[in-house]
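Engineer: One structure, as structure tokens, below. Some questions next.
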Amino acid sequence: MSTSEIIERCTGLFEDLSFSAARQWKAEDPDRRVIGYMPVYIPEEIIHAAGMMPVGIVGGGDQLEVIHGDAYYQSYICRIPRSTIELGITKRLDFLDGMLFPSICDVIRNLSGMWKMLYPDVYVRYFDVPQNYDDDVGGTYYRQELNELREGLETVGGKSITDDAINASIAVYNERRRLVREVYDFRSQTPWRAPAVEVYLLMRAGLVIPVEEHIAMMQAYLDAAVAEDRPMRDNCRVVINGSFCEQPPLNLIKSIEMSGCYIVDDDYMLGNRWLLEDVDNSGDPLKSLADAYLHHSADTAAKYCTKKEEVGQFLLESVRKTKAEGVIFAAPSFCDPALLERPMLADRMTEHNIPHISFKYAENSGQMQPIREQAGTFADSIKLWS
Ligand code: SF4
């Protein structure tokens, strides 16, 4: 398959707000269950080990008109909870047997409570994560959280989830992590051969199809992209930071690249890059998942950082590794985690003479021209003066 054929399939999945692929997977066997999850990270391995399909829900984007959702929330918060409520009220999520709300902010926590009231027959869990990285404290706590998730899913599926099954699923997800890393490395080395919008759509597709299919899709994309010749432009290299939850409209990602920037790293689909290394699949799988979270996960605004001096180190490392020339802080309006950390991250970039700019968006932002002008001027200033 060519890259354009693969991206056409990804675009179809991206635009499908009825989640037909996941519905079809479920319809093939009456025993199948589908578990939705909000950004940013949940241990999909446990869902997979239960024989269920995890489906990432990242709001309604710019194609969904929010009518009911606005009535549930005040105006001064981000848009993703409102469009997610809209997806629910309009029955687009009626195929989900469960919904997980990872601990990322108050908005997601409150949404989990609303979901419980709106859908009392659906398994709903607010999935908490440790803020202490000591094995005996945060590790013990997180293992218990993982075990409670396992028990909850056992009730949904009506069968036990064995350690062997979780270890087998960890192996599958290690393969996905490997390919995700490979795609990102390929793009950072030759960004003209893997445009940002293509990599984005490829990663987005992984939210709504079985992981095995996503693994094959990424491998096919890499094979096709390596074989295709594409012109190299005189773009500057940037890292995008702050877009890990509510997603920008596709046109915003296109606009950044069209303005003269190659995106060489980003945090759009942070969930599938959360664990940085292979997870051990030879012992106690819950302990292995806890170890990976505590000691080998991405340090971003989406995760509590215990030491102020360490804030920004992960981003600095990304800039160095990808040879980026600047950072674009692009966060959803009213996003507490991203916007509270932004000043500290910006200070850290300034300390290291890394050019940076900032703007906010909503998933339904329509005005691309100001963003294109801002990103274009940023790219020109890097080329002229950095
Ligand atoms: S966009 Fe930010 S504030 Fe809104 S739900 Fe996501 S993490 Fe929370």
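Ordering of the structure tokens sets the chain letters (A, B, ...); residue numbers start at 1 within each chain; ligands are numbered from 1 in the order shown.
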Can you pull out the residues contacting region 61-65 of chain A? Cut-off 8 Å, using only C-alpha atoms, and skip same-chain residues under 3 positions away; I want them as a list in words.
Structural biologist: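 My list of contacting residues is Glu15, Val58, Ser83, Gln247, Pro248, Pro249, Glu363, Asn364 and Ser365 of chain A.
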Engineer: Residues as selected, N, CA and C atoms, written as a compact mmCIF listing (two decimals), in the first residue's frame, can you do that?
Structural biologist:
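The file below, again22.txt, is the result:
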```
# COMPACT_ATOMS: atom_id res chain seq x y z
N GLU A 15 -12.61 10.76 10.78
CA GLU A 15 -13.87 11.49 10.54
C GLU A 15 -15.11 10.74 11.03
N VAL A 58 -11.46 11.20 22.26
CA VAL A 58 -10.77 12.49 22.43
C VAL A 58 -11.66 13.65 21.98
N SER A 83 -17.97 18.27 24.22
CA SER A 83 -18.20 17.49 23.00
C SER A 83 -18.28 16.00 23.31
N GLN A 247 -7.72 17.80 21.36
CA GLN A 247 -6.88 17.83 20.16
C GLN A 247 -7.16 19.06 19.30
N PRO A 248 -6.12 19.58 18.64
CA PRO A 248 -6.35 20.71 17.74
C PRO A 248 -7.08 20.24 16.48
N PRO A 249 -7.74 21.15 15.77
CA PRO A 249 -8.30 20.75 14.48
C PRO A 249 -7.17 20.34 13.53
N GLU A 363 -10.78 22.66 20.04
CA GLU A 363 -10.86 21.61 19.01
C GLU A 363 -11.66 22.05 17.80
N ASN A 364 -12.48 23.11 17.97
CA ASN A 364 -13.26 23.61 16.83
C ASN A 364 -12.77 24.99 16.38
N SER A 365 -11.52 25.36 16.70
CA SER A 365 -10.98 26.64 16.21
C SER A 365 -11.12 26.69 14.70
```
Engineer: Neighbouring residues of ligand 1 are defined here as those with any atom at most 12 Å from a ligand atom, counting only C-alpha atoms and all ligand atoms; list them as a PDB file with N, CA, C and O atoms, in the first residue's frame.
Structural biologist:
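Produced file selection_19.pdb, reproduced below:
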```
ATOM      1  N   MET A  38     -10.702   8.156  28.198  1.00  0.00           N
ATOM      2  CA  MET A  38     -10.382   9.546  27.877  1.00  0.00           C
ATOM      3  C   MET A  38      -8.864   9.717  27.894  1.00  0.00           C
ATOM      4  O   MET A  38      -8.135   8.894  28.441  1.00  0.00           O
ATOM      5  N   PRO A  39      -8.352  10.838  27.333  1.00  0.00           N
ATOM      6  CA  PRO A  39      -6.914  11.101  27.456  1.00  0.00           C
ATOM      7  C   PRO A  39      -6.543  11.253  28.937  1.00  0.00           C
ATOM      8  O   PRO A  39      -7.382  11.671  29.728  1.00  0.00           O
ATOM      9  N   VAL A  40      -5.299  10.911  29.394  1.00  0.00           N
ATOM     10  CA  VAL A  40      -4.223  10.759  28.452  1.00  0.00           C
ATOM     11  C   VAL A  40      -3.770   9.297  28.417  1.00  0.00           C
ATOM     12  O   VAL A  40      -3.643   8.722  27.354  1.00  0.00           O
ATOM     13  N   TYR A  41      -3.550   8.704  29.596  1.00  0.00           N
ATOM     14  CA  TYR A  41      -2.966   7.360  29.614  1.00  0.00           C
ATOM     15  C   TYR A  41      -3.780   6.412  30.485  1.00  0.00           C
ATOM     16  O   TYR A  41      -4.159   6.749  31.604  1.00  0.00           O
ATOM     17  N   ILE A  57     -11.285   8.023  23.363  1.00  0.00           N
ATOM     18  CA  ILE A  57     -12.276   9.055  23.049  1.00  0.00           C
ATOM     19  C   ILE A  57     -11.618  10.407  23.308  1.00  0.00           C
ATOM     20  O   ILE A  57     -11.240  10.711  24.445  1.00  0.00           O
ATOM     21  N   VAL A  58     -11.455  11.201  22.258  1.00  0.00           N
ATOM     22  CA  VAL A  58     -10.767  12.488  22.426  1.00  0.00           C
ATOM     23  C   VAL A  58     -11.656  13.646  21.976  1.00  0.00           C
ATOM     24  O   VAL A  58     -11.192  14.596  21.358  1.00  0.00           O
ATOM     25  N   GLY A  59     -12.927  13.562  22.318  1.00  0.00           N
ATOM     26  CA  GLY A  59     -13.841  14.656  21.992  1.00  0.00           C
ATOM     27  C   GLY A  59     -14.406  14.543  20.586  1.00  0.00           C
ATOM     28  O   GLY A  59     -14.217  13.542  19.896  1.00  0.00           O
ATOM     29  N   TYR A  73     -21.964  22.308  31.227  1.00  0.00           N
ATOM     30  CA  TYR A  73     -20.732  22.937  31.717  1.00  0.00           C
ATOM     31  C   TYR A  73     -20.784  24.452  31.585  1.00  0.00           C
ATOM     32  O   TYR A  73     -21.427  24.989  30.674  1.00  0.00           O
ATOM     33  N   TYR A  76     -16.323  28.711  30.840  1.00  0.00           N
ATOM     34  CA  TYR A  76     -14.887  28.956  31.004  1.00  0.00           C
ATOM     35  C   TYR A  76     -14.106  27.670  31.305  1.00  0.00           C
ATOM     36  O   TYR A  76     -13.265  27.630  32.202  1.00  0.00           O
ATOM     37  N   ILE A  77     -14.396  26.617  30.578  1.00  0.00           N
ATOM     38  CA  ILE A  77     -13.528  25.433  30.611  1.00  0.00           C
ATOM     39  C   ILE A  77     -13.301  24.974  29.167  1.00  0.00           C
ATOM     40  O   ILE A  77     -13.947  25.451  28.238  1.00  0.00           O
ATOM     41  N   CYS A  78     -12.410  24.003  29.016  1.00  0.00           N
ATOM     42  CA  CYS A  78     -12.066  23.520  27.679  1.00  0.00           C
ATOM     43  C   CYS A  78     -13.284  22.876  27.006  1.00  0.00           C
ATOM     44  O   CYS A  78     -14.345  22.716  27.617  1.00  0.00           O
ATOM     45  N   ARG A  79     -13.143  22.477  25.746  1.00  0.00           N
ATOM     46  CA  ARG A  79     -14.311  22.009  24.999  1.00  0.00           C
ATOM     47  C   ARG A  79     -14.491  20.489  25.044  1.00  0.00           C
ATOM     48  O   ARG A  79     -15.597  19.984  24.857  1.00  0.00           O
ATOM     49  N   ILE A  80     -13.424  19.764  25.309  1.00  0.00           N
ATOM     50  CA  ILE A  80     -13.507  18.299  25.174  1.00  0.00           C
ATOM     51  C   ILE A  80     -14.579  17.657  26.073  1.00  0.00           C
ATOM     52  O   ILE A  80     -15.277  16.749  25.608  1.00  0.00           O
ATOM     53  N   PRO A  81     -14.807  18.104  27.306  1.00  0.00           N
ATOM     54  CA  PRO A  81     -15.868  17.443  28.076  1.00  0.00           C
ATOM     55  C   PRO A  81     -17.244  17.688  27.472  1.00  0.00           C
ATOM     56  O   PRO A  81     -18.112  16.805  27.498  1.00  0.00           O
ATOM     57  N   ARG A  82     -17.426  18.881  26.909  1.00  0.00           N
ATOM     58  CA  ARG A  82     -18.746  19.206  26.331  1.00  0.00           C
ATOM     59  C   ARG A  82     -19.007  18.382  25.068  1.00  0.00           C
ATOM     60  O   ARG A  82     -20.094  17.860  24.863  1.00  0.00           O
ATOM     61  N   SER A  83     -17.969  18.268  24.224  1.00  0.00           N
ATOM     62  CA  SER A  83     -18.204  17.494  23.002  1.00  0.00           C
ATOM     63  C   SER A  83     -18.276  16.002  23.313  1.00  0.00           C
ATOM     64  O   SER A  83     -18.941  15.247  22.598  1.00  0.00           O
ATOM     65  N   THR A  84     -17.633  15.572  24.410  1.00  0.00           N
ATOM     66  CA  THR A  84     -17.738  14.151  24.788  1.00  0.00           C
ATOM     67  C   THR A  84     -19.148  13.853  25.306  1.00  0.00           C
ATOM     68  O   THR A  84     -19.745  12.822  24.967  1.00  0.00           O
ATOM     69  N   PHE A 101     -11.838   7.138  33.043  1.00  0.00           N
ATOM     70  CA  PHE A 101     -11.474   8.558  33.096  1.00  0.00           C
ATOM     71  C   PHE A 101     -10.163   8.682  33.862  1.00  0.00           C
ATOM     72  O   PHE A 101     -10.161   8.670  35.100  1.00  0.00           O
ATOM     73  N   PRO A 102      -9.055   8.773  33.156  1.00  0.00           N
ATOM     74  CA  PRO A 102      -7.775   8.849  33.860  1.00  0.00           C
ATOM     75  C   PRO A 102      -7.634  10.168  34.616  1.00  0.00           C
ATOM     76  O   PRO A 102      -8.176  11.195  34.202  1.00  0.00           O
ATOM     77  N   SER A 103      -6.895  10.128  35.678  1.00  0.00           N
ATOM     78  CA  SER A 103      -6.681  11.321  36.496  1.00  0.00           C
ATOM     79  C   SER A 103      -5.759  12.289  35.760  1.00  0.00           C
ATOM     80  O   SER A 103      -4.566  12.052  35.648  1.00  0.00           O
ATOM     81  N   ILE A 104      -6.330  13.339  35.194  1.00  0.00           N
ATOM     82  CA  ILE A 104      -5.509  14.350  34.527  1.00  0.00           C
ATOM     83  C   ILE A 104      -5.874  15.738  35.024  1.00  0.00           C
ATOM     84  O   ILE A 104      -5.022  16.606  35.163  1.00  0.00           O
ATOM     85  N   CYS A 105      -7.159  15.960  35.334  1.00  0.00           N
ATOM     86  CA  CYS A 105      -7.565  17.287  35.814  1.00  0.00           C
ATOM     87  C   CYS A 105      -8.968  17.184  36.419  1.00  0.00           C
ATOM     88  O   CYS A 105      -9.639  16.161  36.282  1.00  0.00           O
ATOM     89  N   ASP A 106      -9.411  18.280  37.035  1.00  0.00           N
ATOM     90  CA  ASP A 106     -10.743  18.285  37.672  1.00  0.00           C
ATOM     91  C   ASP A 106     -11.851  18.066  36.652  1.00  0.00           C
ATOM     92  O   ASP A 106     -12.889  17.477  36.956  1.00  0.00           O
ATOM     93  N   VAL A 107     -11.641  18.578  35.444  1.00  0.00           N
ATOM     94  CA  VAL A 107     -12.689  18.474  34.416  1.00  0.00           C
ATOM     95  C   VAL A 107     -12.984  17.010  34.098  1.00  0.00           C
ATOM     96  O   VAL A 107     -14.145  16.583  34.054  1.00  0.00           O
ATOM     97  N   ILE A 108     -11.935  16.231  33.909  1.00  0.00           N
ATOM     98  CA  ILE A 108     -12.113  14.814  33.588  1.00  0.00           C
ATOM     99  C   ILE A 108     -12.696  14.081  34.793  1.00  0.00           C
ATOM    100  O   ILE A 108     -13.552  13.201  34.663  1.00  0.00           O
ATOM    101  N   ARG A 109     -12.245  14.465  35.991  1.00  0.00           N
ATOM    102  CA  ARG A 109     -12.784  13.820  37.191  1.00  0.00           C
ATOM    103  C   ARG A 109     -14.296  14.076  37.300  1.00  0.00           C
ATOM    104  O   ARG A 109     -15.077  13.160  37.541  1.00  0.00           O
ATOM    105  N   ASN A 110     -14.691  15.323  37.070  1.00  0.00           N
ATOM    106  CA  ASN A 110     -16.123  15.638  37.167  1.00  0.00           C
ATOM    107  C   ASN A 110     -16.921  14.949  36.057  1.00  0.00           C
ATOM    108  O   ASN A 110     -18.065  14.550  36.256  1.00  0.00           O
ATOM    109  N   LEU A 111     -16.285  14.835  34.894  1.00  0.00           N
ATOM    110  CA  LEU A 111     -16.962  14.142  33.792  1.00  0.00           C
ATOM    111  C   LEU A 111     -17.231  12.679  34.159  1.00  0.00           C
ATOM    112  O   LEU A 111     -18.276  12.117  33.791  1.00  0.00           O
ATOM    113  N   SER A 112     -16.321  12.083  34.925  1.00  0.00           N
ATOM    114  CA  SER A 112     -16.536  10.678  35.323  1.00  0.00           C
ATOM    115  C   SER A 112     -17.788  10.570  36.205  1.00  0.00           C
ATOM    116  O   SER A 112     -18.563   9.620  36.083  1.00  0.00           O
ATOM    117  N   GLY A 242       2.014  20.637  24.723  1.00  0.00           N
ATOM    118  CA  GLY A 242       0.807  21.098  25.421  1.00  0.00           C
ATOM    119  C   GLY A 242      -0.496  20.593  24.829  1.00  0.00           C
ATOM    120  O   GLY A 242      -1.570  20.927  25.310  1.00  0.00           O
ATOM    121  N   SER A 243      -0.397  19.734  23.780  1.00  0.00           N
ATOM    122  CA  SER A 243      -1.614  19.320  23.054  1.00  0.00           C
ATOM    123  C   SER A 243      -2.016  17.885  23.382  1.00  0.00           C
ATOM    124  O   SER A 243      -2.537  17.175  22.526  1.00  0.00           O
ATOM    125  N   PHE A 244      -1.779  17.453  24.601  1.00  0.00           N
ATOM    126  CA  PHE A 244      -1.926  16.037  24.935  1.00  0.00           C
ATOM    127  C   PHE A 244      -3.361  15.594  25.211  1.00  0.00           C
ATOM    128  O   PHE A 244      -3.637  14.406  25.256  1.00  0.00           O
ATOM    129  N   CYS A 245      -4.272  16.524  25.430  1.00  0.00           N
ATOM    130  CA  CYS A 245      -5.643  16.095  25.769  1.00  0.00           C
ATOM    131  C   CYS A 245      -6.615  16.503  24.660  1.00  0.00           C
ATOM    132  O   CYS A 245      -6.732  15.805  23.664  1.00  0.00           O
ATOM    133  N   GLU A 246      -7.305  17.638  24.810  1.00  0.00           N
ATOM    134  CA  GLU A 246      -8.157  18.107  23.703  1.00  0.00           C
ATOM    135  C   GLU A 246      -7.274  18.321  22.480  1.00  0.00           C
ATOM    136  O   GLU A 246      -6.216  18.958  22.576  1.00  0.00           O
ATOM    137  N   GLN A 247      -7.721  17.796  21.361  1.00  0.00           N
ATOM    138  CA  GLN A 247      -6.876  17.832  20.163  1.00  0.00           C
ATOM    139  C   GLN A 247      -7.157  19.061  19.301  1.00  0.00           C
ATOM    140  O   GLN A 247      -8.292  19.527  19.227  1.00  0.00           O
ATOM    141  N   PRO A 248      -6.121  19.584  18.644  1.00  0.00           N
ATOM    142  CA  PRO A 248      -6.354  20.713  17.740  1.00  0.00           C
ATOM    143  C   PRO A 248      -7.075  20.239  16.485  1.00  0.00           C
ATOM    144  O   PRO A 248      -7.025  19.053  16.154  1.00  0.00           O
ATOM    145  N   TYR A 268       0.754  15.051  20.870  1.00  0.00           N
ATOM    146  CA  TYR A 268      -0.658  14.906  20.499  1.00  0.00           C
ATOM    147  C   TYR A 268      -1.250  13.606  21.050  1.00  0.00           C
ATOM    148  O   TYR A 268      -2.245  13.619  21.751  1.00  0.00           O
ATOM    149  N   LEU A 270      -0.137  11.380  23.290  1.00  0.00           N
ATOM    150  CA  LEU A 270       0.849  11.064  24.321  1.00  0.00           C
ATOM    151  C   LEU A 270       0.612   9.692  24.951  1.00  0.00           C
ATOM    152  O   LEU A 270       1.547   9.029  25.396  1.00  0.00           O
ATOM    153  N   THR A 300       5.782  14.934  31.522  1.00  0.00           N
ATOM    154  CA  THR A 300       5.139  16.065  30.846  1.00  0.00           C
ATOM    155  C   THR A 300       4.194  16.741  31.825  1.00  0.00           C
ATOM    156  O   THR A 300       4.054  16.303  32.969  1.00  0.00           O
ATOM    157  N   ALA A 301       3.512  17.781  31.349  1.00  0.00           N
ATOM    158  CA  ALA A 301       2.548  18.467  32.208  1.00  0.00           C
ATOM    159  C   ALA A 301       1.392  17.549  32.583  1.00  0.00           C
ATOM    160  O   ALA A 301       0.640  17.840  33.510  1.00  0.00           O
ATOM    161  N   ALA A 302       1.258  16.443  31.856  1.00  0.00           N
ATOM    162  CA  ALA A 302       0.168  15.511  32.144  1.00  0.00           C
ATOM    163  C   ALA A 302       0.510  14.587  33.301  1.00  0.00           C
ATOM    164  O   ALA A 302      -0.312  13.755  33.684  1.00  0.00           O
ATOM    165  N   LYS A 303       1.702  14.723  33.855  1.00  0.00           N
ATOM    166  CA  LYS A 303       2.105  13.839  34.959  1.00  0.00           C
ATOM    167  C   LYS A 303       2.714  14.678  36.072  1.00  0.00           C
ATOM    168  O   LYS A 303       3.473  15.621  35.797  1.00  0.00           O
ATOM    169  N   ALA A 330       1.401  24.902  22.261  1.00  0.00           N
ATOM    170  CA  ALA A 330       0.034  24.986  21.720  1.00  0.00           C
ATOM    171  C   ALA A 330      -0.875  24.176  22.631  1.00  0.00           C
ATOM    172  O   ALA A 330      -0.803  22.950  22.654  1.00  0.00           O
ATOM    173  N   ALA A 331      -1.681  24.868  23.418  1.00  0.00           N
ATOM    174  CA  ALA A 331      -2.514  24.162  24.402  1.00  0.00           C
ATOM    175  C   ALA A 331      -3.975  24.550  24.212  1.00  0.00           C
ATOM    176  O   ALA A 331      -4.285  25.646  23.734  1.00  0.00           O
ATOM    177  N   PRO A 332      -4.887  23.677  24.617  1.00  0.00           N
ATOM    178  CA  PRO A 332      -6.310  24.034  24.546  1.00  0.00           C
ATOM    179  C   PRO A 332      -6.620  25.189  25.505  1.00  0.00           C
ATOM    180  O   PRO A 332      -6.023  25.279  26.584  1.00  0.00           O
ATOM    181  N   SER A 333      -7.543  26.039  25.124  1.00  0.00           N
ATOM    182  CA  SER A 333      -7.986  27.107  26.024  1.00  0.00           C
ATOM    183  C   SER A 333      -8.479  26.491  27.323  1.00  0.00           C
ATOM    184  O   SER A 333      -9.162  25.462  27.299  1.00  0.00           O
ATOM    185  N   PHE A 334      -8.131  27.104  28.417  1.00  0.00           N
ATOM    186  CA  PHE A 334      -8.557  26.689  29.765  1.00  0.00           C
ATOM    187  C   PHE A 334      -7.994  25.335  30.195  1.00  0.00           C
ATOM    188  O   PHE A 334      -8.537  24.724  31.118  1.00  0.00           O
ATOM    189  N   CYS A 335      -6.941  24.870  29.546  1.00  0.00           N
ATOM    190  CA  CYS A 335      -6.377  23.576  29.959  1.00  0.00           C
ATOM    191  C   CYS A 335      -5.437  23.799  31.142  1.00  0.00           C
ATOM    192  O   CYS A 335      -4.301  24.241  30.975  1.00  0.00           O
ATOM    193  N   ASP A 336      -5.910  23.484  32.337  1.00  0.00           N
ATOM    194  CA  ASP A 336      -5.106  23.738  33.542  1.00  0.00           C
ATOM    195  C   ASP A 336      -3.735  23.066  33.506  1.00  0.00           C
ATOM    196  O   ASP A 336      -2.725  23.739  33.730  1.00  0.00           O
ATOM    197  N   PRO A 337      -3.655  21.749  33.270  1.00  0.00           N
ATOM    198  CA  PRO A 337      -2.320  21.129  33.337  1.00  0.00           C
ATOM    199  C   PRO A 337      -1.335  21.765  32.367  1.00  0.00           C
ATOM    200  O   PRO A 337      -0.203  22.075  32.737  1.00  0.00           O
ATOM    201  N   ALA A 338      -1.757  21.979  31.124  1.00  0.00           N
ATOM    202  CA  ALA A 338      -0.816  22.501  30.120  1.00  0.00           C
ATOM    203  C   ALA A 338      -0.466  23.966  30.388  1.00  0.00           C
ATOM    204  O   ALA A 338       0.698  24.365  30.305  1.00  0.00           O
ATOM    205  N   LEU A 339      -1.483  24.755  30.730  1.00  0.00           N
ATOM    206  CA  LEU A 339      -1.239  26.199  30.847  1.00  0.00           C
ATOM    207  C   LEU A 339      -0.563  26.567  32.171  1.00  0.00           C
ATOM    208  O   LEU A 339       0.137  27.574  32.246  1.00  0.00           O
ATOM    209  N   LEU A 340      -0.767  25.760  33.210  1.00  0.00           N
ATOM    210  CA  LEU A 340      -0.065  26.042  34.472  1.00  0.00           C
ATOM    211  C   LEU A 340       1.423  25.735  34.348  1.00  0.00           C
ATOM    212  O   LEU A 340       2.252  26.386  34.966  1.00  0.00           O
ATOM    213  N   GLU A 341       1.745  24.739  33.561  1.00  0.00           N
ATOM    214  CA  GLU A 341       3.158  24.364  33.441  1.00  0.00           C
ATOM    215  C   GLU A 341       3.888  25.200  32.382  1.00  0.00           C
ATOM    216  O   GLU A 341       5.108  25.298  32.389  1.00  0.00           O
ATOM    217  N   LYS A 360      -3.093  29.398  22.035  1.00  0.00           N
ATOM    218  CA  LYS A 360      -4.126  28.481  22.516  1.00  0.00           C
ATOM    219  C   LYS A 360      -5.081  28.159  21.364  1.00  0.00           C
ATOM    220  O   LYS A 360      -5.161  28.917  20.403  1.00  0.00           O
ATOM    221  N   TYR A 361      -5.776  27.064  21.510  1.00  0.00           N
ATOM    222  CA  TYR A 361      -6.745  26.674  20.486  1.00  0.00           C
ATOM    223  C   TYR A 361      -7.927  25.995  21.169  1.00  0.00           C
ATOM    224  O   TYR A 361      -7.882  25.683  22.374  1.00  0.00           O
ATOM    225  N   ALA A 362      -8.967  25.739  20.419  1.00  0.00           N
ATOM    226  CA  ALA A 362     -10.032  24.823  20.842  1.00  0.00           C
ATOM    227  C   ALA A 362     -10.192  23.802  19.726  1.00  0.00           C
ATOM    228  O   ALA A 362      -9.758  24.056  18.586  1.00  0.00           O
ATOM    229  N   GLU A 363     -10.780  22.661  20.038  1.00  0.00           N
ATOM    230  CA  GLU A 363     -10.861  21.607  19.012  1.00  0.00           C
ATOM    231  C   GLU A 363     -11.665  22.053  17.795  1.00  0.00           C
ATOM    232  O   GLU A 363     -11.542  21.468  16.727  1.00  0.00           O
TER     233      GLU A 363
END
```
Engineer: Tell me which protein, DNA and RNA residues are within 9 Å of Thr306 (chain A), counting only C-alpha atoms, leaving out same-chain ones fewer than 6 positions away, and put them as a PyMOL selection string.
Structural biologist: chain A and resi 131-133
Engineer: If we count only C-alpha atoms and set the cut-off at 12 Å, which residues sit around Ser381 (chain A), ignoring sequence neighbours fewer than 3 positions away in its own chain? Please answer as a list of chain:residue names.
Structural biologist: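 The neighbour list is A:Asn235, A:Cys236, A:Gly260, A:Cys261, A:Glu325, A:Gly326, A:Pro355, A:His356, A:Ile357, A:Gln374, A:Ala375, A:Gly376, A:Thr377, A:Phe378, A:Leu384, A:Trp385, A:Ser386.
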Engineer: Keeping N, CA, C and O atoms for every residue in the selection just given, could you write it to a file as a JSON list (two decimals), in the first residue's frame?
Structural biologist:
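selection-v3.json written:
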```
[["chain", "number", "residue", "atom", "x", "y", "z"],
["A", 235, "ASN", "N", 12.27, 24.14, 5.70],
["A", 235, "ASN", "CA", 11.50, 24.41, 6.92],
["A", 235, "ASN", "C", 12.40, 24.36, 8.14],
["A", 235, "ASN", "O", 13.44, 23.71, 8.13],
["A", 236, "CYS", "N", 11.96, 25.03, 9.22],
["A", 236, "CYS", "CA", 12.70, 24.87, 10.47],
["A", 236, "CYS", "C", 12.04, 23.78, 11.30],
["A", 236, "CYS", "O", 10.88, 23.42, 11.08],
["A", 260, "GLY", "N", 5.95, 26.78, 7.34],
["A", 260, "GLY", "CA", 7.40, 26.67, 7.25],
["A", 260, "GLY", "C", 8.03, 25.93, 8.42],
["A", 260, "GLY", "O", 9.23, 26.08, 8.66],
["A", 261, "CYS", "N", 7.25, 25.14, 9.15],
["A", 261, "CYS", "CA", 7.80, 24.39, 10.29],
["A", 261, "CYS", "C", 7.64, 22.89, 10.06],
["A", 261, "CYS", "O", 6.55, 22.43, 9.72],
["A", 325, "GLU", "N", 14.78, 23.32, 16.44],
["A", 325, "GLU", "CA", 15.30, 24.69, 16.52],
["A", 325, "GLU", "C", 14.38, 25.59, 17.34],
["A", 325, "GLU", "O", 14.72, 26.75, 17.60],
["A", 326, "GLY", "N", 13.22, 25.09, 17.71],
["A", 326, "GLY", "CA", 12.30, 25.91, 18.50],
["A", 326, "GLY", "C", 11.15, 25.07, 19.04],
["A", 326, "GLY", "O", 10.98, 23.91, 18.65],
["A", 355, "PRO", "N", 14.35, 29.19, 21.06],
["A", 355, "PRO", "CA", 13.22, 30.06, 20.71],
["A", 355, "PRO", "C", 11.89, 29.35, 20.94],
["A", 355, "PRO", "O", 11.78, 28.13, 20.74],
["A", 356, "HIS", "N", 10.89, 30.12, 21.37],
["A", 356, "HIS", "CA", 9.58, 29.51, 21.60],
["A", 356, "HIS", "C", 8.48, 30.55, 21.41],
["A", 356, "HIS", "O", 8.71, 31.74, 21.62],
["A", 357, "ILE", "N", 7.32, 30.05, 21.01],
["A", 357, "ILE", "CA", 6.12, 30.89, 20.94],
["A", 357, "ILE", "C", 4.97, 30.12, 21.58],
["A", 357, "ILE", "O", 5.07, 28.90, 21.78],
["A", 374, "GLN", "N", 1.57, 33.58, 12.80],
["A", 374, "GLN", "CA", 2.44, 33.53, 13.97],
["A", 374, "GLN", "C", 3.53, 32.46, 13.79],
["A", 374, "GLN", "O", 4.71, 32.71, 14.04],
["A", 375, "ALA", "N", 3.11, 31.26, 13.36],
["A", 375, "ALA", "CA", 4.08, 30.18, 13.18],
["A", 375, "ALA", "C", 5.04, 30.52, 12.04],
["A", 375, "ALA", "O", 6.25, 30.22, 12.11],
["A", 376, "GLY", "N", 4.54, 31.17, 10.98],
["A", 376, "GLY", "CA", 5.41, 31.55, 9.86],
["A", 376, "GLY", "C", 6.45, 32.56, 10.27],
["A", 376, "GLY", "O", 7.63, 32.47, 9.89],
["A", 377, "THR", "N", 6.04, 33.56, 11.05],
["A", 377, "THR", "CA", 6.99, 34.56, 11.52],
["A", 377, "THR", "C", 8.02, 33.93, 12.44],
["A", 377, "THR", "O", 9.21, 34.27, 12.40],
["A", 378, "PHE", "N", 7.55, 32.99, 13.26],
["A", 378, "PHE", "CA", 8.47, 32.27, 14.16],
["A", 378, "PHE", "C", 9.52, 31.52, 13.34],
["A", 378, "PHE", "O", 10.72, 31.60, 13.61],
["A", 384, "LEU", "N", 16.44, 33.45, 10.23],
["A", 384, "LEU", "CA", 17.23, 34.68, 10.07],
["A", 384, "LEU", "C", 18.21, 34.91, 11.22],
["A", 384, "LEU", "O", 19.32, 35.39, 11.00],
["A", 385, "TRP", "N", 17.79, 34.58, 12.44],
["A", 385, "TRP", "CA", 18.58, 35.04, 13.59],
["A", 385, "TRP", "C", 19.10, 33.94, 14.53],
["A", 385, "TRP", "O", 19.88, 34.23, 15.40],
["A", 386, "SER", "N", 18.62, 32.70, 14.37],
["A", 386, "SER", "CA", 19.10, 31.69, 15.34],
["A", 386, "SER", "C", 20.42, 31.07, 14.89],
["A", 386, "SER", "O", 20.70, 30.98, 13.72]]
```
Engineer: Name the residues of region 127-375 of chain A that come out as helix (DSSP H, G or I) in a backbone DSSP run; write them as a ChimeraX atom specification.
Structural biologist: /A:135-157,163-189,191-193,196-205,211-227,250-258,270-273,285-295,308-310,313-321,336-351,369-375
Engineer: For a quick check of understanding, using only C-alpha atoms, which of A:Leu315, A:Leu275, A:Val156, A:Val124 has the smallest distance to Ala50 (chain A)?
Structural biologist: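 That would be A:Val156, the residue with the smallest distance to Ala50 (chain A).
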Engineer: Write out as a ChimeraX atom specification each polymer residue whose atoms come within 9 Å of region 88-98 of chain A, counting only C-alpha atoms; drop sequence neighbours fewer than 2 positions from it.
Structural biologist: /A:17-19,22-23,26,33-37,55,68-69,83-86,100,115,118,121-125,153,156
Engineer: Can you tell me, as a PyMOL selection string, what residues are no more than 10 Å from Asp280 (chain A) when counting only C-alpha atoms, ignoring any on the same chain fewer than 4 positions away?
Structural biologist: chain A and resi 167+170-171+174+284-285+287-289+291-292
